[in-house]
$ cat coords24.pdb   # PDB, C-alpha atoms, pLDDT in the B column
MODEL        1
ATOM      1  CA  MET N 126       0.000   0.000   0.000  1.00 42.00           C
ATOM      2  CA  THR N 127       1.270   3.446  -0.879  1.00 42.00           C
ATOM      3  CA  SER N 128       1.618   6.188   1.730  1.00 44.00           C
ATOM      4  CA  THR N 129       0.558   8.955  -0.675  1.00 54.00           C
ATOM      5  CA  ARG N 130      -2.710  10.622   0.376  1.00 70.00           C
ATOM      6  CA  LEU N 131      -5.007  11.521  -2.500  1.00 86.00           C
ATOM      7  CA  ALA N 132      -7.569  14.320  -2.206  1.00 92.00           C
ATOM      8  CA  THR N 133     -11.149  13.289  -2.928  1.00 93.00           C
ATOM      9  CA  ASP N 134     -11.619  16.384  -5.089  1.00 94.00           C
ATOM     10  CA  THR N 135      -8.808  15.121  -7.314  1.00 96.00           C
ATOM     11  CA  LEU N 136     -10.528  11.756  -7.627  1.00 97.00           C
ATOM     12  CA  ARG N 137     -13.759  13.530  -8.559  1.00 97.00           C
ATOM     13  CA  GLN N 138     -12.020  15.402 -11.365  1.00 97.00           C
ATOM     14  CA  TRP N 139     -10.572  12.188 -12.752  1.00 98.00           C
ATOM     15  CA  ALA N 140     -13.939  10.433 -12.465  1.00 98.00           C
ATOM     16  CA  GLU N 141     -15.721  13.259 -14.277  1.00 97.00           C
ATOM     17  CA  ALA N 142     -13.192  13.051 -17.105  1.00 98.00           C
ATOM     18  CA  LEU N 143     -14.118   9.366 -17.456  1.00 97.00           C
ATOM     19  CA  GLY N 144     -17.814  10.173 -17.757  1.00 96.00           C
ATOM     20  CA  PHE N 145     -18.975   9.454 -14.222  1.00 97.00           C
ATOM     21  CA  ALA N 146     -21.634  11.811 -12.861  1.00 96.00           C
ATOM     22  CA  SER N 147     -20.416  11.743  -9.268  1.00 97.00           C
ATOM     23  CA  LEU N 148     -17.851  10.209  -6.924  1.00 98.00           C
ATOM     24  CA  GLY N 149     -17.717   9.838  -3.169  1.00 97.00           C
ATOM     25  CA  VAL N 150     -15.655   7.935  -0.635  1.00 98.00           C
ATOM     26  CA  ALA N 151     -16.948   5.796   2.233  1.00 98.00           C
ATOM     27  CA  ASP N 152     -15.205   3.945   5.003  1.00 96.00           C
ATOM     28  CA  VAL N 153     -15.855   0.223   5.053  1.00 97.00           C
ATOM     29  CA  ASP N 154     -17.035  -0.366   8.614  1.00 97.00           C
ATOM     30  CA  LEU N 155     -20.514  -1.680   7.834  1.00 97.00           C
ATOM     31  CA  SER N 156     -21.017  -3.447  11.156  1.00 96.00           C
ATOM     32  CA  SER N 157     -24.090  -1.294  11.890  1.00 96.00           C
ATOM     33  CA  ALA N 158     -25.731  -2.632   8.693  1.00 95.00           C
ATOM     34  CA  GLU N 159     -25.235  -6.324   9.515  1.00 94.00           C
ATOM     35  CA  ASP N 160     -28.405  -6.765  11.597  1.00 95.00           C
ATOM     36  CA  GLY N 161     -30.527  -5.269   8.847  1.00 94.00           C
ATOM     37  CA  LEU N 162     -28.915  -7.465   6.210  1.00 93.00           C
ATOM     38  CA  ASP N 163     -29.389 -10.558   8.355  1.00 92.00           C
ATOM     39  CA  ALA N 164     -33.075  -9.745   8.941  1.00 93.00           C
ATOM     40  CA  TRP N 165     -33.596  -9.045   5.220  1.00 91.00           C
ATOM     41  CA  LEU N 166     -32.152 -12.448   4.298  1.00 92.00           C
ATOM     42  CA  ALA N 167     -34.071 -14.233   7.070  1.00 92.00           C
ATOM     43  CA  ALA N 168     -37.319 -12.738   5.745  1.00 93.00           C
ATOM     44  CA  GLY N 169     -36.569 -14.201   2.322  1.00 92.00           C
ATOM     45  CA  TYR N 170     -36.614 -10.866   0.543  1.00 88.00           C
ATOM     46  CA  HIS N 171     -33.837 -12.083  -1.749  1.00 89.00           C
ATOM     47  CA  GLY N 172     -36.364 -14.378  -3.427  1.00 91.00           C
ATOM     48  CA  GLU N 173     -34.724 -16.946  -5.698  1.00 90.00           C
ATOM     49  CA  MET N 174     -31.343 -15.203  -5.594  1.00 89.00           C
ATOM     50  CA  ASP N 175     -29.835 -17.940  -3.443  1.00 91.00           C
ATOM     51  CA  TYR N 176     -26.329 -16.605  -3.936  1.00 89.00           C
ATOM     52  CA  MET N 177     -27.181 -13.665  -1.663  1.00 88.00           C
ATOM     53  CA  ALA N 178     -27.795 -16.024   1.247  1.00 89.00           C
ATOM     54  CA  ARG N 179     -24.657 -18.013   0.431  1.00 91.00           C
ATOM     55  CA  HIS N 180     -22.535 -14.863   0.644  1.00 90.00           C
ATOM     56  CA  GLY N 181     -24.027 -14.031   4.033  1.00 87.00           C
ATOM     57  CA  MET N 182     -22.207 -11.321   5.956  1.00 93.00           C
ATOM     58  CA  THR N 183     -19.391 -11.079   3.405  1.00 94.00           C
ATOM     59  CA  ARG N 184     -21.516  -8.383   1.761  1.00 94.00           C
ATOM     60  CA  ALA N 185     -21.183  -6.239   4.899  1.00 95.00           C
ATOM     61  CA  ARG N 186     -17.496  -7.034   5.447  1.00 97.00           C
ATOM     62  CA  PRO N 187     -15.484  -5.636   2.524  1.00 97.00           C
ATOM     63  CA  ALA N 188     -12.136  -6.738   3.946  1.00 97.00           C
ATOM     64  CA  GLU N 189     -13.322 -10.366   3.863  1.00 96.00           C
ATOM     65  CA  LEU N 190     -14.025 -10.070   0.150  1.00 96.00           C
ATOM     66  CA  VAL N 191     -10.850  -8.107  -0.652  1.00 97.00           C
ATOM     67  CA  PRO N 192      -8.262  -8.376   2.149  1.00 97.00           C
ATOM     68  CA  GLY N 193      -6.680  -5.063   3.071  1.00 97.00           C
ATOM     69  CA  THR N 194      -9.646  -2.935   1.998  1.00 98.00           C
ATOM     70  CA  VAL N 195     -10.003   0.238   4.083  1.00 97.00           C
ATOM     71  CA  SER N 196     -11.881   2.574   1.701  1.00 97.00           C
ATOM     72  CA  ALA N 197     -14.616   2.318  -0.900  1.00 98.00           C
ATOM     73  CA  VAL N 198     -14.667   4.727  -3.834  1.00 98.00           C
ATOM     74  CA  MET N 199     -18.249   4.949  -5.091  1.00 98.00           C
ATOM     75  CA  VAL N 200     -19.289   6.363  -8.479  1.00 98.00           C
ATOM     76  CA  THR N 201     -22.496   6.909 -10.444  1.00 97.00           C
ATOM     77  CA  LEU N 202     -22.953   6.706 -14.205  1.00 96.00           C
ATOM     78  CA  ASP N 203     -26.133   8.224 -15.633  1.00 93.00           C
ATOM     79  CA  TYR N 204     -28.173   6.236 -18.148  1.00 89.00           C
ATOM     80  CA  ALA N 205     -31.299   8.368 -18.685  1.00 75.00           C
ATOM     81  CA  PRO N 206     -31.152  11.423 -20.975  1.00 68.00           C
ATOM     82  CA  SER N 207     -32.181  14.751 -19.457  1.00 68.00           C
ATOM     83  CA  ASP N 208     -33.800  15.872 -22.721  1.00 70.00           C
ATOM     84  CA  ALA N 209     -37.382  16.961 -21.934  1.00 72.00           C
ATOM     85  CA  ASP N 210     -38.784  15.712 -25.263  1.00 77.00           C
ATOM     86  CA  TRP N 211     -37.290  12.253 -24.715  1.00 72.00           C
ATOM     87  CA  VAL N 212     -38.811  12.084 -21.230  1.00 73.00           C
ATOM     88  CA  ASP N 213     -42.229  13.121 -22.581  1.00 79.00           C
ATOM     89  CA  ARG N 214     -42.126  10.459 -25.300  1.00 78.00           C
ATOM     90  CA  ALA N 215     -41.079   7.855 -22.739  1.00 75.00           C
ATOM     91  CA  TRP N 216     -44.077   8.564 -20.506  1.00 77.00           C
ATOM     92  CA  ARG N 217     -46.461   8.514 -23.474  1.00 82.00           C
ATOM     93  CA  ALA N 218     -45.079   5.128 -24.527  1.00 80.00           C
ATOM     94  CA  LEU N 219     -45.537   3.735 -21.015  1.00 77.00           C
ATOM     95  CA  ALA N 220     -49.172   4.871 -21.032  1.00 82.00           C
ATOM     96  CA  ASP N 221     -49.901   3.061 -24.327  1.00 84.00           C
ATOM     97  CA  ASP N 222     -50.938  -0.577 -23.752  1.00 83.00           C
ATOM     98  CA  GLU N 223     -50.364  -1.347 -27.435  1.00 84.00           C
ATOM     99  CA  ARG N 224     -46.679  -0.433 -27.391  1.00 81.00           C
ATOM    100  CA  ALA N 225     -43.648  -2.239 -26.025  1.00 77.00           C
ATOM    101  CA  TYR N 226     -41.062  -0.302 -24.084  1.00 74.00           C
ATOM    102  CA  VAL N 227     -37.509  -1.316 -23.234  1.00 76.00           C
ATOM    103  CA  SER N 228     -35.982   0.186 -20.115  1.00 79.00           C
ATOM    104  CA  ARG N 229     -33.384   2.813 -20.940  1.00 77.00           C
ATOM    105  CA  TYR N 230     -30.767   1.103 -18.780  1.00 81.00           C
ATOM    106  CA  ALA N 231     -31.020  -2.030 -20.922  1.00 81.00           C
ATOM    107  CA  LEU N 232     -30.162  -0.213 -24.155  1.00 74.00           C
ATOM    108  CA  GLY N 233     -26.578  -0.083 -25.383  1.00 77.00           C
ATOM    109  CA  ARG N 234     -23.590  -2.014 -24.119  1.00 86.00           C
ATOM    110  CA  ASP N 235     -23.619  -4.198 -21.001  1.00 92.00           C
ATOM    111  CA  TYR N 236     -23.436  -1.655 -18.178  1.00 93.00           C
ATOM    112  CA  HIS N 237     -21.502  -4.046 -15.924  1.00 95.00           C
ATOM    113  CA  ARG N 238     -18.601  -4.020 -18.358  1.00 95.00           C
ATOM    114  CA  VAL N 239     -18.845  -0.299 -19.109  1.00 95.00           C
ATOM    115  CA  VAL N 240     -18.722   0.749 -15.462  1.00 97.00           C
ATOM    116  CA  ARG N 241     -15.998  -1.717 -14.505  1.00 98.00           C
ATOM    117  CA  ALA N 242     -13.833  -0.700 -17.468  1.00 98.00           C
ATOM    118  CA  ARG N 243     -14.081   2.967 -16.542  1.00 98.00           C
ATOM    119  CA  LEU N 244     -13.413   2.221 -12.885  1.00 98.00           C
ATOM    120  CA  GLN N 245     -10.302   0.300 -13.884  1.00 98.00           C
ATOM    121  CA  LYS N 246      -9.143   3.354 -15.836  1.00 98.00           C
ATOM    122  CA  LEU N 247      -9.686   5.407 -12.694  1.00 98.00           C
ATOM    123  CA  ALA N 248      -7.634   2.874 -10.734  1.00 98.00           C
ATOM    124  CA  ASP N 249      -4.867   3.097 -13.331  1.00 98.00           C
ATOM    125  CA  ARG N 250      -4.881   6.901 -12.993  1.00 97.00           C
ATOM    126  CA  ILE N 251      -4.627   6.574  -9.207  1.00 97.00           C
ATOM    127  CA  ALA N 252      -1.671   4.196  -9.575  1.00 96.00           C
ATOM    128  CA  GLU N 253       0.091   6.687 -11.827  1.00 96.00           C
ATOM    129  CA  ALA N 254      -0.147   9.323  -9.109  1.00 94.00           C
ATOM    130  CA  ALA N 255       0.239   7.267  -5.955  1.00 92.00           C
ATOM    131  CA  GLY N 256       2.066   4.129  -7.043  1.00 94.00           C
ATOM    132  CA  PRO N 257       0.871   0.516  -7.009  1.00 94.00           C
ATOM    133  CA  PHE N 258      -1.993  -0.151  -4.610  1.00 96.00           C
ATOM    134  CA  GLY N 259      -4.401  -2.942  -3.771  1.00 97.00           C
ATOM    135  CA  HIS N 260      -7.847  -2.660  -5.310  1.00 97.00           C
ATOM    136  CA  ARG N 261     -10.736  -4.374  -7.045  1.00 98.00           C
ATOM    137  CA  VAL N 262     -13.579  -2.879  -9.092  1.00 98.00           C
ATOM    138  CA  PHE N 263     -17.226  -3.938  -9.054  1.00 97.00           C
ATOM    139  CA  CYS N 264     -20.537  -3.128 -10.712  1.00 97.00           C
ATOM    140  CA  ASP N 265     -23.323  -5.389  -9.513  1.00 93.00           C
ATOM    141  CA  SER N 266     -20.818  -8.215  -9.857  1.00 91.00           C
ATOM    142  CA  ALA N 267     -19.942  -9.341  -6.309  1.00 95.00           C
ATOM    143  CA  PRO N 268     -21.354  -9.333  -2.746  1.00 95.00           C
ATOM    144  CA  VAL N 269     -21.063  -5.568  -2.198  1.00 97.00           C
ATOM    145  CA  MET N 270     -23.538  -3.338  -0.339  1.00 97.00           C
ATOM    146  CA  GLU N 271     -23.477  -0.768  -3.134  1.00 97.00           C
ATOM    147  CA  VAL N 272     -26.431   1.367  -2.038  1.00 97.00           C
ATOM    148  CA  GLU N 273     -25.322   1.407   1.599  1.00 97.00           C
ATOM    149  CA  LEU N 274     -21.803   2.459   0.642  1.00 98.00           C
ATOM    150  CA  ALA N 275     -23.029   5.042  -1.884  1.00 98.00           C
ATOM    151  CA  GLN N 276     -25.285   6.595   0.737  1.00 97.00           C
ATOM    152  CA  ARG N 277     -22.401   6.749   3.198  1.00 97.00           C
ATOM    153  CA  ALA N 278     -20.263   8.311   0.467  1.00 97.00           C
ATOM    154  CA  GLY N 279     -22.763  11.173   0.145  1.00 97.00           C
ATOM    155  CA  LEU N 280     -24.067  10.282  -3.333  1.00 97.00           C
ATOM    156  CA  GLY N 281     -27.738  10.170  -2.308  1.00 97.00           C
ATOM    157  CA  TRP N 282     -30.093   8.470   0.127  1.00 96.00           C
ATOM    158  CA  ARG N 283     -31.994   5.181   0.086  1.00 95.00           C
ATOM    159  CA  GLY N 284     -35.574   5.611  -1.099  1.00 94.00           C
ATOM    160  CA  LYS N 285     -38.549   3.517  -0.106  1.00 93.00           C
ATOM    161  CA  HIS N 286     -38.028   1.531  -3.315  1.00 92.00           C
ATOM    162  CA  THR N 287     -34.619   0.547  -1.812  1.00 91.00           C
ATOM    163  CA  LEU N 288     -32.630   2.287  -4.569  1.00 94.00           C
ATOM    164  CA  LEU N 289     -30.333   5.262  -4.130  1.00 96.00           C
ATOM    165  CA  ILE N 290     -31.994   8.610  -4.861  1.00 95.00           C
ATOM    166  CA  HIS N 291     -30.134  11.707  -6.040  1.00 92.00           C
ATOM    167  CA  PRO N 292     -32.012  15.027  -5.607  1.00 88.00           C
ATOM    168  CA  LYS N 293     -31.624  15.928  -9.303  1.00 86.00           C
ATOM    169  CA  ARG N 294     -31.282  12.578 -11.119  1.00 87.00           C
ATOM    170  CA  GLY N 295     -33.603  10.367  -9.134  1.00 89.00           C
ATOM    171  CA  SER N 296     -32.430   6.754  -9.473  1.00 92.00           C
ATOM    172  CA  THR N 297     -31.521   6.817 -13.164  1.00 90.00           C
ATOM    173  CA  PHE N 298     -27.889   5.822 -12.797  1.00 95.00           C
ATOM    174  CA  PHE N 299     -25.651   2.824 -12.253  1.00 96.00           C
ATOM    175  CA  LEU N 300     -23.454   2.381  -9.187  1.00 98.00           C
ATOM    176  CA  GLY N 301     -19.827   1.338  -9.330  1.00 98.00           C
ATOM    177  CA  THR N 302     -17.459   0.409  -6.499  1.00 98.00           C
ATOM    178  CA  LEU N 303     -13.708   0.443  -6.139  1.00 98.00           C
ATOM    179  CA  TYR N 304     -12.420  -1.284  -2.996  1.00 98.00           C
ATOM    180  CA  THR N 305      -8.946  -0.085  -2.107  1.00 97.00           C
ATOM    181  CA  ASP N 306      -6.273  -0.338   0.562  1.00 97.00           C
ATOM    182  CA  LEU N 307      -5.673   3.421   0.283  1.00 96.00           C
ATOM    183  CA  PRO N 308      -6.690   5.345   3.433  1.00 95.00           C
ATOM    184  CA  LEU N 309      -8.876   7.957   1.750  1.00 96.00           C
ATOM    185  CA  ASP N 310     -10.879  10.678   3.509  1.00 95.00           C
ATOM    186  CA  ALA N 311     -14.533   9.660   3.696  1.00 95.00           C
ATOM    187  CA  ASP N 312     -17.320  11.992   2.590  1.00 96.00           C
ATOM    188  CA  ALA N 313     -20.275  12.933   4.782  1.00 96.00           C
ATOM    189  CA  PRO N 314     -23.449  10.878   4.195  1.00 94.00           C
ATOM    190  CA  GLN N 315     -26.427  12.669   2.644  1.00 88.00           C
ATOM    191  CA  ARG N 316     -29.509  12.853   4.848  1.00 88.00           C
ATOM    192  CA  ASP N 317     -32.794  11.198   3.921  1.00 90.00           C
ATOM    193  CA  HIS N 318     -35.146  13.578   2.105  1.00 91.00           C
ATOM    194  CA  CYS N 319     -38.111  11.213   1.591  1.00 92.00           C
ATOM    195  CA  GLY N 320     -40.272  12.133   4.557  1.00 92.00           C
ATOM    196  CA  THR N 321     -43.814  10.878   3.872  1.00 93.00           C
ATOM    197  CA  CYS N 322     -43.353  10.812   0.076  1.00 91.00           C
ATOM    198  CA  GLU N 323     -44.074   7.437  -1.541  1.00 91.00           C
ATOM    199  CA  ARG N 324     -43.936   8.450  -5.190  1.00 87.00           C
ATOM    200  CA  CYS N 325     -41.201   5.926  -6.022  1.00 88.00           C
ATOM    201  CA  ILE N 326     -43.374   2.983  -4.982  1.00 89.00           C
ATOM    202  CA  GLN N 327     -46.683   4.157  -6.436  1.00 87.00           C
ATOM    203  CA  PRO N 328     -47.926   2.511  -9.669  1.00 81.00           C
ATOM    204  CA  VAL N 329     -47.628   4.529 -12.875  1.00 67.00           C
ATOM    205  CA  ALA N 330     -50.913   6.300 -13.604  1.00 62.00           C
ATOM    206  CA  ARG N 331     -52.509   5.382 -16.923  1.00 54.00           C
TER     207      ARG N 331
ENDMDL
END

$ encode --input "coords24.pdb" --output "structure tokens"
Amino acid sequence: MTSTRLATDTLRQWAEALGFASLGVADVDLSSAEDGLDAWLAAGYHGEMDYMARHGMTRARPAELVPGTVSAVMVTLDYAPSDADWVDRAWRALADDERAYVSRYALGRDYHRVVRARLQKLADRIAEAAGPFGHRVFCDSAPVMEVELAQRAGLGWRGKHTLLIHPKRGSTFFLGTLYTDLPLDADAPQRDHCGTCERCIQPVAR
């Protein structure tokens, strides 16, 4: 592990150059989330995704998955256009029972590969500045508590639909994770803004 300390603002600049919408850093002590994860699994909320139960508490213990991990660099990559006309056409298509509609996130290249490839480029840029370091990149590809870590990294808050919510982009983005042995300064978590709102779990009006 290198002794060079990298500023989070520098990491954000590099991430933005790679096309990421945001970057934050979280520490990896998720012990306070273990009871909730255990109860969620015990209730069977993972459905037929048996692998989630097999991984158990590894999901909440990053250093068990990647020994030496002390920080998690979290990023978001937008997938929904902000163009107002596109959004209007999307809603009209959803309201038409005679039309098929493919989710925007499913269009284009496999997002798992896109996000991981860009994260690896970020890791390479970090190595250029700080020297060789231990790391591993993920995008929905390993037992990682992505939403929990992203919330702790200040990238949004967990909505009632269980996804991360950003105040301007909603949940229309992918999450990526870089576990590292670099002791980075953690960002402040963003507070929950949901209150009594349940819009994210209400059915689409037709």

$ residues_around --input "coords24.pdb" --residues "Ala231 (chain N)" --least-positions-apart "6" --cutoff "12 Å" --atoms "only C-alpha atoms" --output "PyMOL selection string"
chain N and resi 204-205+237+297-299

$ resolve_selection --input "coords24.pdb" --expression "the PyMOL selection byres ((chain N and resi 274) around 8)" --output "PyMOL selection string"
chain N and resi 151+153+197+199+270-273+275-278

$ closest_residue --input "coords24.pdb" --among "N:Trp216, N:Ala267, N:Val150, N:Leu155" --to "Arg179 (chain N)" --atoms "only C-alpha atoms"
N:Ala267

$ residues_around --input "coords24.pdb" --residues "Pro292 (chain N)" --least-positions-apart "3" --cutoff "12 Å" --atoms "all atoms listed in the file" --output "number ranges by chain"
N: 279-284, 289, 295-297, 315-319

$ axis_aligned_box --input "coords24.pdb" --around "region 310-328 of chain N" --padding-each-side "8 Å" --output "lines of an AutoDock Vina configuration file"
center_x = -29.4
center_y = 8.0
center_z = -2.4
size_x = 53.0
size_y = 27.1
size_z = 30.5

$ residues_around --input "coords24.pdb" --residues "Met177 (chain N)" --least-positions-apart "5" --cutoff "8 Å" --atoms "all atoms listed in the file" --output "ChimeraX atom specification"
/N:166,171,268

$ closest_residue --input "coords24.pdb" --among "N:Gly181, N:Thr287, N:Ala140, N:Ala248" --to "Asp160 (chain N)" --atoms "only C-alpha atoms"
N:Gly181

$ residues_around --input "coords24.pdb" --residues "region 132-139 of chain N" --least-positions-apart "4" --cutoff "10 Å" --atoms "only C-alpha atoms" --output "PyMOL selection string"
chain N and resi 143-150+198+200+246-248+250-251+309-312

$ resolve_selection --input "coords24.pdb" --expression "the PyMOL selection byres ((chain N and resi 182) around 12)" --output "list in words"
Leu155, Ser156, Ser157, Ala158, Glu159, Asp160, Gly161, Leu162, Asp163, Ala164, Trp165, Leu166, Tyr176, Met177, Ala178, Arg179, His180, Gly181, Thr183, Arg184, Ala185, Arg186, Pro187, Ala188, Glu189, Leu190, Pro268, Val269 and Met270 of chain N

$ atom_distance --input "coords24.pdb" --atom1 "CA of Arg214 (chain N)" --atom2 "CA of Arg324 (chain N)"
20.3 Å

$ resolve_selection --input "coords24.pdb" --expression "the PyMOL selection byres ((chain N and resi 259) around 12)" --output "NGL selection string"
:N and (126-127 or 188 or 191-197 or 248-249 or 251-252 or 255-258 or 260-262 or 303-308)

$ atom_distance --input "coords24.pdb" --atom1 "CA of Ala242 (chain N)" --atom2 "CA of Asp203 (chain N)"
15.3 Å

$ closest_residue --input "coords24.pdb" --among "N:Asp210, N:Gly320, N:Cys325, N:Val240" --to "Leu288 (chain N)" --atoms "only C-alpha atoms"
N:Cys325

$ atom_distance --input "coords24.pdb" --atom1 "CA of Ile290 (chain N)" --atom2 "CA of Arg224 (chain N)"
28.4 Å

$ closest_residue --input "coords24.pdb" --among "N:Lys293, N:Lys285, N:Arg217, N:Arg229" --to "Glu323 (chain N)" --atoms "only C-alpha atoms"
N:Lys285
